[in-house]
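Have a look at coords32.cif below; it lists mmCIF, C-alpha atoms and all ligand atoms.
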```cif
data_input
#
loop_
_atom_site.label_atom_id
_atom_site.label_comp_id
_atom_site.auth_asym_id
_atom_site.auth_seq_id
_atom_site.Cartn_x
_atom_site.Cartn_y
_atom_site.Cartn_z
CA MET S 1 -24.62 -48.30 17.10
CA THR S 2 -23.15 -45.08 15.74
CA THR S 3 -25.17 -43.26 13.12
CA VAL S 4 -23.26 -41.58 10.33
CA GLU S 5 -24.51 -38.04 9.80
CA GLN S 6 -26.10 -37.44 6.40
CA PHE S 7 -24.18 -35.31 3.89
CA PRO S 8 -25.97 -31.93 3.32
CA GLN S 9 -28.65 -32.29 0.66
CA ALA S 10 -30.55 -29.57 -1.24
CA LEU S 11 -33.47 -29.70 -3.67
CA SER S 12 -34.06 -27.74 -6.88
CA ILE S 13 -37.68 -27.65 -8.10
CA ALA S 14 -37.27 -26.14 -11.57
CA GLY S 15 -37.22 -26.37 -15.33
CA SER S 16 -34.44 -27.83 -17.47
CA ASP S 17 -32.37 -25.57 -19.75
CA SER S 18 -30.96 -27.85 -22.47
CA GLY S 19 -28.29 -25.19 -23.15
CA GLY S 20 -26.90 -25.80 -19.67
CA GLY S 21 -26.63 -22.15 -18.59
CA ALA S 22 -29.77 -21.51 -16.54
CA GLY S 23 -32.61 -23.38 -14.87
CA MET S 24 -32.03 -26.70 -13.20
CA GLN S 25 -28.61 -27.10 -14.84
CA ALA S 26 -27.39 -23.85 -13.25
CA ASP S 27 -28.84 -25.03 -9.94
CA LEU S 28 -27.03 -28.37 -10.13
CA LYS S 29 -23.69 -26.78 -11.04
CA THR S 30 -24.00 -24.20 -8.27
CA ILE S 31 -25.07 -26.61 -5.54
CA GLN S 32 -22.27 -29.00 -6.52
CA GLU S 33 -19.68 -26.19 -6.37
CA ARG S 34 -20.92 -25.31 -2.87
CA HIS S 35 -20.20 -28.91 -1.77
CA VAL S 36 -23.83 -29.86 -1.21
CA PHE S 37 -25.55 -32.91 -2.71
CA ALA S 38 -28.14 -31.73 -5.28
CA THR S 39 -31.51 -33.42 -5.81
CA THR S 40 -34.22 -32.35 -8.27
CA VAL S 41 -37.92 -32.19 -8.99
CA LEU S 42 -38.20 -31.45 -12.71
CA VAL S 43 -41.27 -29.33 -13.52
CA ALA S 44 -40.75 -28.47 -17.19
CA VAL S 45 -38.34 -29.12 -20.05
CA THR S 46 -37.18 -26.31 -22.33
CA ALA S 47 -35.49 -26.66 -25.72
CA GLN S 48 -33.03 -23.83 -25.25
CA ASN S 49 -29.55 -22.51 -26.08
CA THR S 50 -27.67 -19.26 -25.48
CA LEU S 51 -29.76 -17.63 -28.26
CA GLY S 52 -33.14 -18.25 -26.63
CA VAL S 53 -35.93 -20.67 -25.76
CA GLN S 54 -37.18 -22.56 -28.82
CA ASP S 55 -39.87 -24.68 -27.14
CA PHE S 56 -40.98 -26.03 -23.77
CA MET S 57 -43.31 -28.56 -22.24
CA ALA S 58 -44.42 -28.88 -18.62
CA LEU S 59 -44.50 -32.27 -16.92
CA PRO S 60 -47.74 -33.89 -15.71
CA PRO S 61 -48.58 -32.90 -12.08
CA LYS S 62 -48.76 -36.61 -11.17
CA LEU S 63 -45.10 -37.03 -12.11
CA ILE S 64 -44.25 -33.93 -10.07
CA ASP S 65 -46.04 -35.52 -7.08
CA GLU S 66 -44.14 -38.76 -7.59
CA GLN S 67 -40.74 -37.03 -7.68
CA PHE S 68 -41.52 -35.31 -4.35
CA ALA S 69 -42.73 -38.60 -2.84
CA SER S 70 -39.57 -40.45 -3.95
CA LEU S 71 -37.34 -37.84 -2.33
CA ALA S 72 -39.37 -37.67 0.87
CA ALA S 73 -39.24 -41.45 1.23
CA ASP S 74 -35.46 -41.59 1.30
CA LEU S 75 -33.44 -38.38 1.38
CA SER S 76 -32.72 -35.88 4.16
CA ILE S 77 -33.15 -32.60 2.31
CA LYS S 78 -32.25 -29.57 4.40
CA ALA S 79 -33.15 -26.70 2.01
CA CYS S 80 -35.02 -26.28 -1.26
CA LYS S 81 -35.69 -23.74 -4.00
CA THR S 82 -38.17 -23.15 -6.79
CA GLY S 83 -37.32 -21.85 -10.27
CA MET S 84 -39.39 -22.12 -13.46
CA LEU S 85 -42.88 -23.39 -12.53
CA ALA S 86 -44.59 -22.88 -15.93
CA ASP S 87 -48.28 -22.43 -15.08
CA VAL S 88 -51.08 -22.44 -12.47
CA GLU S 89 -51.42 -26.23 -12.41
CA ARG S 90 -47.70 -26.77 -11.70
CA VAL S 91 -47.48 -23.95 -9.13
CA LYS S 92 -50.39 -25.55 -7.29
CA ALA S 93 -48.80 -29.01 -7.50
CA VAL S 94 -45.53 -27.68 -6.06
CA VAL S 95 -47.33 -25.76 -3.28
CA LYS S 96 -49.29 -28.89 -2.31
CA ASN S 97 -46.10 -30.95 -2.03
CA LEU S 98 -44.17 -28.26 -0.15
CA LYS S 99 -46.98 -28.22 2.43
CA GLN S 100 -46.96 -32.01 2.67
CA TYR S 101 -43.21 -32.56 3.17
CA ASP S 102 -40.56 -30.73 5.17
CA PHE S 103 -37.59 -29.97 2.93
CA GLY S 104 -36.27 -27.13 5.10
CA PRO S 105 -36.11 -23.42 4.28
CA LEU S 106 -37.58 -22.53 0.87
CA THR S 107 -35.98 -20.04 -1.52
CA VAL S 108 -38.48 -18.84 -4.13
CA ASP S 109 -36.91 -17.49 -7.32
CA PRO S 110 -40.09 -16.20 -9.00
CA VAL S 111 -38.91 -16.93 -12.55
CA MET S 112 -41.22 -15.31 -15.11
CA ILE S 113 -39.49 -14.32 -18.35
CA ALA S 114 -36.12 -15.43 -19.80
CA LYS S 115 -33.64 -12.72 -20.83
CA GLY S 116 -34.49 -13.38 -24.48
CA GLY S 117 -38.17 -12.65 -23.74
CA ALA S 118 -39.62 -16.17 -23.57
CA PRO S 119 -42.33 -16.57 -20.91
CA LEU S 120 -41.44 -19.25 -18.33
CA LEU S 121 -44.55 -18.63 -16.19
CA SER S 122 -48.02 -18.01 -17.62
CA ASP S 123 -49.53 -14.60 -16.74
CA ASP S 124 -52.44 -16.13 -14.86
CA ALA S 125 -50.01 -18.01 -12.57
CA ILE S 126 -48.51 -14.79 -11.16
CA SER S 127 -51.40 -14.41 -8.70
CA THR S 128 -51.03 -18.09 -7.69
CA VAL S 129 -47.34 -17.50 -6.92
CA ARG S 130 -48.26 -14.37 -4.98
CA GLU S 131 -51.08 -15.90 -2.96
CA GLU S 132 -50.03 -19.52 -2.50
CA LEU S 133 -46.24 -19.80 -2.89
CA LEU S 134 -44.95 -16.57 -1.30
CA PRO S 135 -46.47 -17.39 2.11
CA LEU S 136 -44.27 -20.53 2.17
CA ALA S 137 -41.07 -18.68 1.24
CA THR S 138 -38.21 -18.33 3.70
CA ILE S 139 -36.74 -15.97 1.12
CA VAL S 140 -37.94 -14.60 -2.22
CA THR S 141 -35.45 -13.28 -4.80
CA PRO S 142 -37.23 -11.25 -7.54
CA ASN S 143 -35.51 -9.05 -10.11
CA LEU S 144 -37.17 -5.71 -10.81
CA PRO S 145 -39.69 -6.90 -13.46
CA GLU S 146 -40.65 -9.85 -11.20
CA ALA S 147 -41.01 -7.57 -8.16
CA GLU S 148 -43.22 -5.27 -10.25
CA ALA S 149 -45.42 -8.17 -11.41
CA LEU S 150 -45.82 -9.50 -7.85
CA THR S 151 -46.50 -6.12 -6.18
CA GLY S 152 -48.26 -4.26 -9.01
CA MET S 153 -45.78 -1.40 -8.50
CA HIS S 154 -43.71 0.48 -11.07
CA ILE S 155 -40.20 0.53 -9.62
CA THR S 156 -37.67 3.15 -10.72
CA THR S 157 -36.15 4.46 -7.46
CA ASP S 158 -34.30 3.03 -4.46
CA ALA S 159 -37.24 4.02 -2.25
CA GLN S 160 -39.59 2.03 -4.49
CA MET S 161 -37.30 -1.01 -4.26
CA GLN S 162 -37.52 -0.76 -0.46
CA GLU S 163 -41.30 -0.39 -0.60
CA ALA S 164 -41.58 -3.41 -2.92
CA ALA S 165 -39.55 -5.49 -0.45
CA GLN S 166 -41.92 -4.50 2.35
CA LYS S 167 -44.93 -5.45 0.22
CA LEU S 168 -43.40 -8.84 -0.58
CA GLN S 169 -42.82 -9.41 3.14
CA ALA S 170 -46.42 -8.43 3.86
CA LEU S 171 -47.47 -11.06 1.27
CA GLY S 172 -45.79 -13.70 3.44
CA ALA S 173 -42.15 -14.08 2.31
CA LYS S 174 -40.06 -13.93 5.50
CA ASN S 175 -36.93 -12.47 3.87
CA VAL S 176 -36.68 -10.58 0.58
CA ILE S 177 -33.98 -9.61 -1.92
CA VAL S 178 -35.06 -7.20 -4.64
CA LYS S 179 -32.35 -7.46 -7.30
CA GLY S 180 -31.51 -4.22 -9.11
CA GLY S 181 -29.39 -5.79 -11.86
CA HIS S 182 -32.04 -5.19 -14.53
CA GLU S 183 -31.66 -1.42 -14.11
CA THR S 184 -29.12 -1.18 -16.96
CA ASN S 185 -28.66 2.60 -16.99
CA THR S 186 -26.76 2.70 -13.70
CA ALA S 187 -23.04 2.14 -13.12
CA SER S 188 -23.63 -0.19 -10.21
CA ALA S 189 -26.00 -3.06 -9.56
CA SER S 190 -27.59 -2.79 -6.13
CA ASP S 191 -29.78 -5.35 -4.44
CA PHE S 192 -31.99 -4.44 -1.50
CA VAL S 193 -32.28 -7.01 1.29
CA LEU S 194 -35.03 -6.98 3.93
CA LEU S 195 -34.68 -9.60 6.66
CA GLU S 196 -37.33 -11.23 8.81
CA ASN S 197 -36.20 -9.30 11.89
CA GLY S 198 -36.76 -5.99 10.08
CA ARG S 199 -33.07 -5.32 9.46
CA SER S 200 -32.28 -4.21 5.92
CA PHE S 201 -29.20 -3.42 3.83
CA TRP S 202 -28.05 -2.77 0.28
CA MET S 203 -25.55 -4.99 -1.54
CA THR S 204 -23.79 -3.04 -4.27
CA THR S 205 -21.28 -4.18 -6.88
CA SER S 206 -19.86 -2.35 -9.87
CA ARG S 207 -21.59 -3.26 -13.12
CA PHE S 208 -19.56 -5.57 -15.32
CA ASN S 209 -20.01 -5.27 -19.08
CA THR S 210 -20.64 -8.83 -20.33
CA GLN S 211 -23.07 -10.92 -22.35
CA ASN S 212 -22.50 -13.82 -19.97
CA THR S 213 -25.39 -13.29 -17.58
CA HIS S 214 -27.61 -16.24 -18.50
CA GLY S 215 -28.70 -17.97 -15.31
CA THR S 216 -27.66 -15.32 -12.77
CA GLY S 217 -30.98 -15.51 -10.90
CA ASP S 218 -30.92 -19.30 -10.77
CA THR S 219 -27.31 -19.26 -9.57
CA LEU S 220 -27.98 -16.76 -6.77
CA SER S 221 -31.00 -18.65 -5.45
CA ALA S 222 -29.24 -22.02 -5.78
CA CYS S 223 -26.20 -20.76 -3.88
CA ILE S 224 -28.41 -19.40 -1.10
CA THR S 225 -30.20 -22.77 -0.96
CA ALA S 226 -26.92 -24.69 -0.77
CA GLU S 227 -25.63 -22.47 2.04
CA LEU S 228 -28.90 -22.88 3.97
CA ALA S 229 -28.61 -26.67 3.55
CA LYS S 230 -25.22 -26.44 5.28
CA GLY S 231 -26.80 -24.50 8.14
CA ALA S 232 -25.76 -20.93 7.28
CA THR S 233 -27.78 -18.01 8.61
CA ILE S 234 -30.02 -16.27 6.08
CA GLU S 235 -27.79 -13.19 6.02
CA ASN S 236 -24.60 -15.21 5.47
CA ALA S 237 -26.32 -17.31 2.77
CA ILE S 238 -27.38 -14.13 0.95
CA ARG S 239 -23.92 -12.54 1.17
CA THR S 240 -22.22 -15.74 -0.02
CA GLY S 241 -24.74 -15.97 -2.88
CA LYS S 242 -24.04 -12.43 -4.03
CA ALA S 243 -20.26 -12.93 -3.90
CA TYR S 244 -20.54 -16.25 -5.78
CA VAL S 245 -22.68 -14.76 -8.59
CA ASP S 246 -20.30 -11.81 -8.91
CA ALA S 247 -17.31 -14.10 -9.32
CA THR S 248 -19.11 -16.34 -11.84
CA ILE S 249 -20.09 -13.29 -13.95
CA LYS S 250 -16.69 -11.61 -13.88
CA GLN S 251 -14.76 -14.66 -15.04
CA GLY S 252 -17.13 -15.60 -17.88
CA ILE S 253 -16.42 -18.39 -20.35
CA LYS S 254 -17.22 -18.43 -24.08
CA VAL S 255 -19.99 -20.95 -24.76
CA GLY S 256 -22.48 -20.52 -27.63
CA HIS S 257 -23.22 -17.38 -29.65
CA GLY S 258 -25.71 -15.49 -27.51
CA HIS S 259 -26.15 -14.82 -23.80
CA GLY S 260 -23.44 -17.08 -22.49
CA PRO S 261 -23.38 -18.93 -19.18
CA LEU S 262 -21.61 -18.08 -15.94
CA ASN S 263 -18.30 -19.62 -14.93
CA HIS S 264 -19.07 -21.95 -12.05
CA TRP S 265 -15.37 -22.70 -11.49
CA ALA S 266 -14.63 -19.04 -10.76
N1 LIG S 301 -34.62 -21.28 -18.57
C1 LIG S 301 -35.01 -21.77 -17.42
C2 LIG S 301 -35.48 -23.18 -17.36
C3 LIG S 301 -34.95 -20.96 -16.28
O1 LIG S 301 -35.34 -21.44 -15.10
C4 LIG S 301 -34.49 -19.62 -16.38
C5 LIG S 301 -34.40 -18.73 -15.24
O2 LIG S 301 -34.72 -18.99 -14.16
C6 LIG S 301 -34.13 -19.14 -17.61
C7 LIG S 301 -34.19 -20.00 -18.68
C8 LIG S 301 -33.75 -17.74 -17.84
O3 LIG S 301 -32.51 -17.42 -17.50
P1 LIG S 301 -31.98 -15.97 -17.86
O4 LIG S 301 -33.12 -15.02 -17.70
O5 LIG S 301 -30.92 -15.76 -16.88
O6 LIG S 301 -31.50 -16.03 -19.27
#
```
Mind turning this structure into structure tokens?
Amino acid sequence: MTTVEQFPQALSIAGSDSGGGAGMQADLKTIQERHVFATTVLVAVTAQNTLGVQDFMALPPKLIDEQFASLAADLSIKACKTGMLADVERVKAVVKNLKQYDFGPLTVDPVMIAKGGAPLLSDDAISTVREELLPLATIVTPNLPEAEALTGMHITTDAQMQEAAQKLQALGAKNVIVKGGHETNTASASDFVLLENGRSFWMTTSRFNTQNTHGTGDTLSACITAELAKGATIENAIRTGKAYVDATIKQGIKVGHGHGPLNHWA
């Protein structure tokens, strides 16, 4: 009997953005565009649009467990990512399930605060992410404020970005990208990458003046996850992710009246 090989499958463990620009919706659109089958574990639901987050509610940990169990019982997931995890209870639930099942390399996008200022992770959960989730991460993708919260550093220079990446690796994440895009006073946006084998490099793109940046972090981490599900090396997955996010930012589409979404057809 010949066995038909399974189509590449990836998993997004994240929160829903009703406005469709960030969160699980950005993950689904990205993974789909990368020709990978997307599956989901929904952790929280936000009432949200391009103007901000109006409300949110996290799902019961039991339902999180059941979503993981359903996927593990049937699908062949080759890579996974985390996004919005809401609070200590949900971070712990996700960690427990990630230890129980093998869903391939894990990309941790340590989502903390939305661009409009709404908290997507409670303050007391930052140490749980640091101590329990980072050690499971194949790659962690913080922006500057997230890297500061996880390392306790104040980051204003390139050298401090490099030091933060080393600290995050020492905390257990095998590979690290510290994203410099939040440093708005510079003409370019540079991300520092530190790989498991000690190799490191900068990825620099010219800054593009746009309001359409909602969901950039989700899109980068989802693209990396999709590439890993197809068997890409970490370095190639990261470089593809950066190029994909750049293209989706630069060819923005007009949706809503605030921080608009990326263009996933770019
Ligand atoms: N909403 C959800 C559910 C998210 O997961 C995220 C980011 O990960 C955001 C909103 C914030 O997106 P941004 O900061 O790009 O506006």
For CA of Ala189 (chain S) and CA of Leu11 (chain S), the interatomic separation in Å (one decimal): 28.3 Å
Near-ligand residues for ligand LIG 301 (chain S), threshold 7 Å, only C-alpha atoms and all ligand atoms, as a ChimeraX atom specification: /S:14-17,22-24,46,83-84,111,113-116,120,213-218
For Ile31 (chain S), work out the shell of residues within 12 Å, counting only C-alpha atoms and skipping chain neighbours fewer than 4 positions away, then give it as an MDAnalysis selection string. chainID S and resid 8:12 24:27 35:40 79:81 218:230 241 244 264
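Distance check against Ile177 (chain S) using all atoms listed in the file: of S:Asn209, S:Asn263, S:Thr50, S:Thr141, the minimum falls on S:Thr141.
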Atomic distance CA of Ala159 (chain S) - CA of Lys250 (chain S), expressed in Å with one decimal: 28.3 Å
Hey, what's within 10 Å of Glu163 (chain S) if we count only C-alpha atoms and toss same-chain stuff fewer than 6 positions away? As a list in words, please? Thr151, Met153, Ile155, Thr157 and Gln169 of chain S
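CA of Glu132 (chain S) sits 18.7 Å away from CA of Val41 (chain S).
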One residue among S:Gly152, S:Gly104, S:Gly260, S:Pro135 is nearest to Asn175 (chain S) when using all atoms listed in the file, and that residue is S:Pro135
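Considering the residues S:Ile253, S:Ile139, S:Val245, S:Leu150 and counting all atoms listed in the file, Ser127 (chain S) has its shortest atom-to-atom contact with S:Leu150.
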Please rebuild region 19-50 of chain S with N, CA and C atoms and return the result as a PDB file, in the coordinates of the input.
```pdb
ATOM      1  N   GLY S  19     -29.554 -25.877 -22.855  1.00  0.00           N
ATOM      2  CA  GLY S  19     -28.290 -25.190 -23.150  1.00  0.00           C
ATOM      3  C   GLY S  19     -27.323 -25.187 -21.973  1.00  0.00           C
ATOM      4  N   GLY S  20     -27.785 -25.603 -20.814  1.00  0.00           N
ATOM      5  CA  GLY S  20     -26.900 -25.800 -19.670  1.00  0.00           C
ATOM      6  C   GLY S  20     -26.552 -24.567 -18.858  1.00  0.00           C
ATOM      7  N   GLY S  21     -27.057 -23.384 -19.265  1.00  0.00           N
ATOM      8  CA  GLY S  21     -26.630 -22.150 -18.590  1.00  0.00           C
ATOM      9  C   GLY S  21     -27.517 -21.716 -17.443  1.00  0.00           C
ATOM     10  N   ALA S  22     -28.826 -22.007 -17.544  1.00  0.00           N
ATOM     11  CA  ALA S  22     -29.770 -21.510 -16.540  1.00  0.00           C
ATOM     12  C   ALA S  22     -30.570 -22.678 -15.975  1.00  0.00           C
ATOM     13  N   GLY S  23     -31.683 -22.354 -15.334  1.00  0.00           N
ATOM     14  CA  GLY S  23     -32.610 -23.380 -14.870  1.00  0.00           C
ATOM     15  C   GLY S  23     -31.967 -24.424 -13.962  1.00  0.00           C
ATOM     16  N   MET S  24     -32.497 -25.622 -14.067  1.00  0.00           N
ATOM     17  CA  MET S  24     -32.030 -26.700 -13.200  1.00  0.00           C
ATOM     18  C   MET S  24     -30.539 -26.995 -13.377  1.00  0.00           C
ATOM     19  N   GLN S  25     -30.041 -26.836 -14.616  1.00  0.00           N
ATOM     20  CA  GLN S  25     -28.610 -27.100 -14.840  1.00  0.00           C
ATOM     21  C   GLN S  25     -27.752 -26.108 -14.055  1.00  0.00           C
ATOM     22  N   ALA S  26     -28.142 -24.831 -14.040  1.00  0.00           N
ATOM     23  CA  ALA S  26     -27.390 -23.850 -13.250  1.00  0.00           C
ATOM     24  C   ALA S  26     -27.480 -24.193 -11.765  1.00  0.00           C
ATOM     25  N   ASP S  27     -28.656 -24.651 -11.348  1.00  0.00           N
ATOM     26  CA  ASP S  27     -28.840 -25.030  -9.940  1.00  0.00           C
ATOM     27  C   ASP S  27     -27.901 -26.170  -9.564  1.00  0.00           C
ATOM     28  N   LEU S  28     -27.869 -27.198 -10.422  1.00  0.00           N
ATOM     29  CA  LEU S  28     -27.030 -28.370 -10.130  1.00  0.00           C
ATOM     30  C   LEU S  28     -25.552 -27.987 -10.046  1.00  0.00           C
ATOM     31  N   LYS S  29     -25.103 -27.174 -11.020  1.00  0.00           N
ATOM     32  CA  LYS S  29     -23.690 -26.780 -11.040  1.00  0.00           C
ATOM     33  C   LYS S  29     -23.337 -25.965  -9.793  1.00  0.00           C
ATOM     34  N   THR S  30     -24.252 -25.068  -9.433  1.00  0.00           N
ATOM     35  CA  THR S  30     -24.000 -24.200  -8.270  1.00  0.00           C
ATOM     36  C   THR S  30     -23.973 -25.015  -6.977  1.00  0.00           C
ATOM     37  N   ILE S  31     -24.973 -25.846  -6.792  1.00  0.00           N
ATOM     38  CA  ILE S  31     -25.070 -26.610  -5.540  1.00  0.00           C
ATOM     39  C   ILE S  31     -23.861 -27.530  -5.396  1.00  0.00           C
ATOM     40  N   GLN S  32     -23.460 -28.135  -6.520  1.00  0.00           N
ATOM     41  CA  GLN S  32     -22.270 -29.000  -6.520  1.00  0.00           C
ATOM     42  C   GLN S  32     -21.026 -28.208  -6.105  1.00  0.00           C
ATOM     43  N   GLU S  33     -20.862 -27.019  -6.687  1.00  0.00           N
ATOM     44  CA  GLU S  33     -19.680 -26.190  -6.370  1.00  0.00           C
ATOM     45  C   GLU S  33     -19.668 -25.767  -4.910  1.00  0.00           C
ATOM     46  N   ARG S  34     -20.841 -25.697  -4.298  1.00  0.00           N
ATOM     47  CA  ARG S  34     -20.920 -25.310  -2.870  1.00  0.00           C
ATOM     48  C   ARG S  34     -20.783 -26.541  -1.965  1.00  0.00           C
ATOM     49  N   HIS S  35     -20.426 -27.687  -2.533  1.00  0.00           N
ATOM     50  CA  HIS S  35     -20.200 -28.910  -1.770  1.00  0.00           C
ATOM     51  C   HIS S  35     -21.443 -29.395  -1.022  1.00  0.00           C
ATOM     52  N   VAL S  36     -22.564 -29.338  -1.739  1.00  0.00           N
ATOM     53  CA  VAL S  36     -23.830 -29.860  -1.210  1.00  0.00           C
ATOM     54  C   VAL S  36     -24.358 -30.847  -2.250  1.00  0.00           C
ATOM     55  N   PHE S  37     -25.013 -31.909  -1.790  1.00  0.00           N
ATOM     56  CA  PHE S  37     -25.550 -32.910  -2.710  1.00  0.00           C
ATOM     57  C   PHE S  37     -26.875 -32.390  -3.284  1.00  0.00           C
ATOM     58  N   ALA S  38     -26.963 -32.328  -4.624  1.00  0.00           N
ATOM     59  CA  ALA S  38     -28.140 -31.730  -5.280  1.00  0.00           C
ATOM     60  C   ALA S  38     -29.150 -32.799  -5.685  1.00  0.00           C
ATOM     61  N   THR S  39     -30.418 -32.561  -5.348  1.00  0.00           N
ATOM     62  CA  THR S  39     -31.510 -33.420  -5.810  1.00  0.00           C
ATOM     63  C   THR S  39     -32.482 -32.530  -6.600  1.00  0.00           C
ATOM     64  N   THR S  40     -33.378 -33.156  -7.379  1.00  0.00           N
ATOM     65  CA  THR S  40     -34.220 -32.350  -8.270  1.00  0.00           C
ATOM     66  C   THR S  40     -35.655 -32.856  -8.352  1.00  0.00           C
ATOM     67  N   VAL S  41     -36.567 -31.908  -8.508  1.00  0.00           N
ATOM     68  CA  VAL S  41     -37.920 -32.190  -8.990  1.00  0.00           C
ATOM     69  C   VAL S  41     -38.060 -31.403 -10.284  1.00  0.00           C
ATOM     70  N   LEU S  42     -38.124 -32.103 -11.409  1.00  0.00           N
ATOM     71  CA  LEU S  42     -38.200 -31.450 -12.710  1.00  0.00           C
ATOM     72  C   LEU S  42     -39.662 -31.092 -13.005  1.00  0.00           C
ATOM     73  N   VAL S  43     -39.908 -29.822 -13.309  1.00  0.00           N
ATOM     74  CA  VAL S  43     -41.270 -29.330 -13.520  1.00  0.00           C
ATOM     75  C   VAL S  43     -41.577 -29.133 -15.006  1.00  0.00           C
ATOM     76  N   ALA S  44     -40.558 -28.736 -15.766  1.00  0.00           N
ATOM     77  CA  ALA S  44     -40.750 -28.470 -17.190  1.00  0.00           C
ATOM     78  C   ALA S  44     -39.437 -28.687 -17.921  1.00  0.00           C
ATOM     79  N   VAL S  45     -39.534 -28.941 -19.223  1.00  0.00           N
ATOM     80  CA  VAL S  45     -38.340 -29.120 -20.050  1.00  0.00           C
ATOM     81  C   VAL S  45     -38.341 -28.044 -21.125  1.00  0.00           C
ATOM     82  N   THR S  46     -37.273 -27.267 -21.229  1.00  0.00           N
ATOM     83  CA  THR S  46     -37.180 -26.310 -22.330  1.00  0.00           C
ATOM     84  C   THR S  46     -36.193 -26.815 -23.365  1.00  0.00           C
ATOM     85  N   ALA S  47     -36.482 -26.504 -24.640  1.00  0.00           N
ATOM     86  CA  ALA S  47     -35.490 -26.660 -25.720  1.00  0.00           C
ATOM     87  C   ALA S  47     -34.872 -25.280 -25.843  1.00  0.00           C
ATOM     88  N   GLN S  48     -33.601 -25.159 -25.456  1.00  0.00           N
ATOM     89  CA  GLN S  48     -33.030 -23.830 -25.250  1.00  0.00           C
ATOM     90  C   GLN S  48     -31.532 -23.847 -25.543  1.00  0.00           C
ATOM     91  N   ASN S  49     -31.002 -22.686 -25.972  1.00  0.00           N
ATOM     92  CA  ASN S  49     -29.550 -22.510 -26.080  1.00  0.00           C
ATOM     93  C   ASN S  49     -29.228 -21.073 -25.667  1.00  0.00           C
ATOM     94  N   THR S  50     -28.019 -20.616 -25.942  1.00  0.00           N
ATOM     95  CA  THR S  50     -27.670 -19.260 -25.480  1.00  0.00           C
ATOM     96  C   THR S  50     -28.408 -18.195 -26.295  1.00  0.00           C
TER      97      THR S  50
END
```
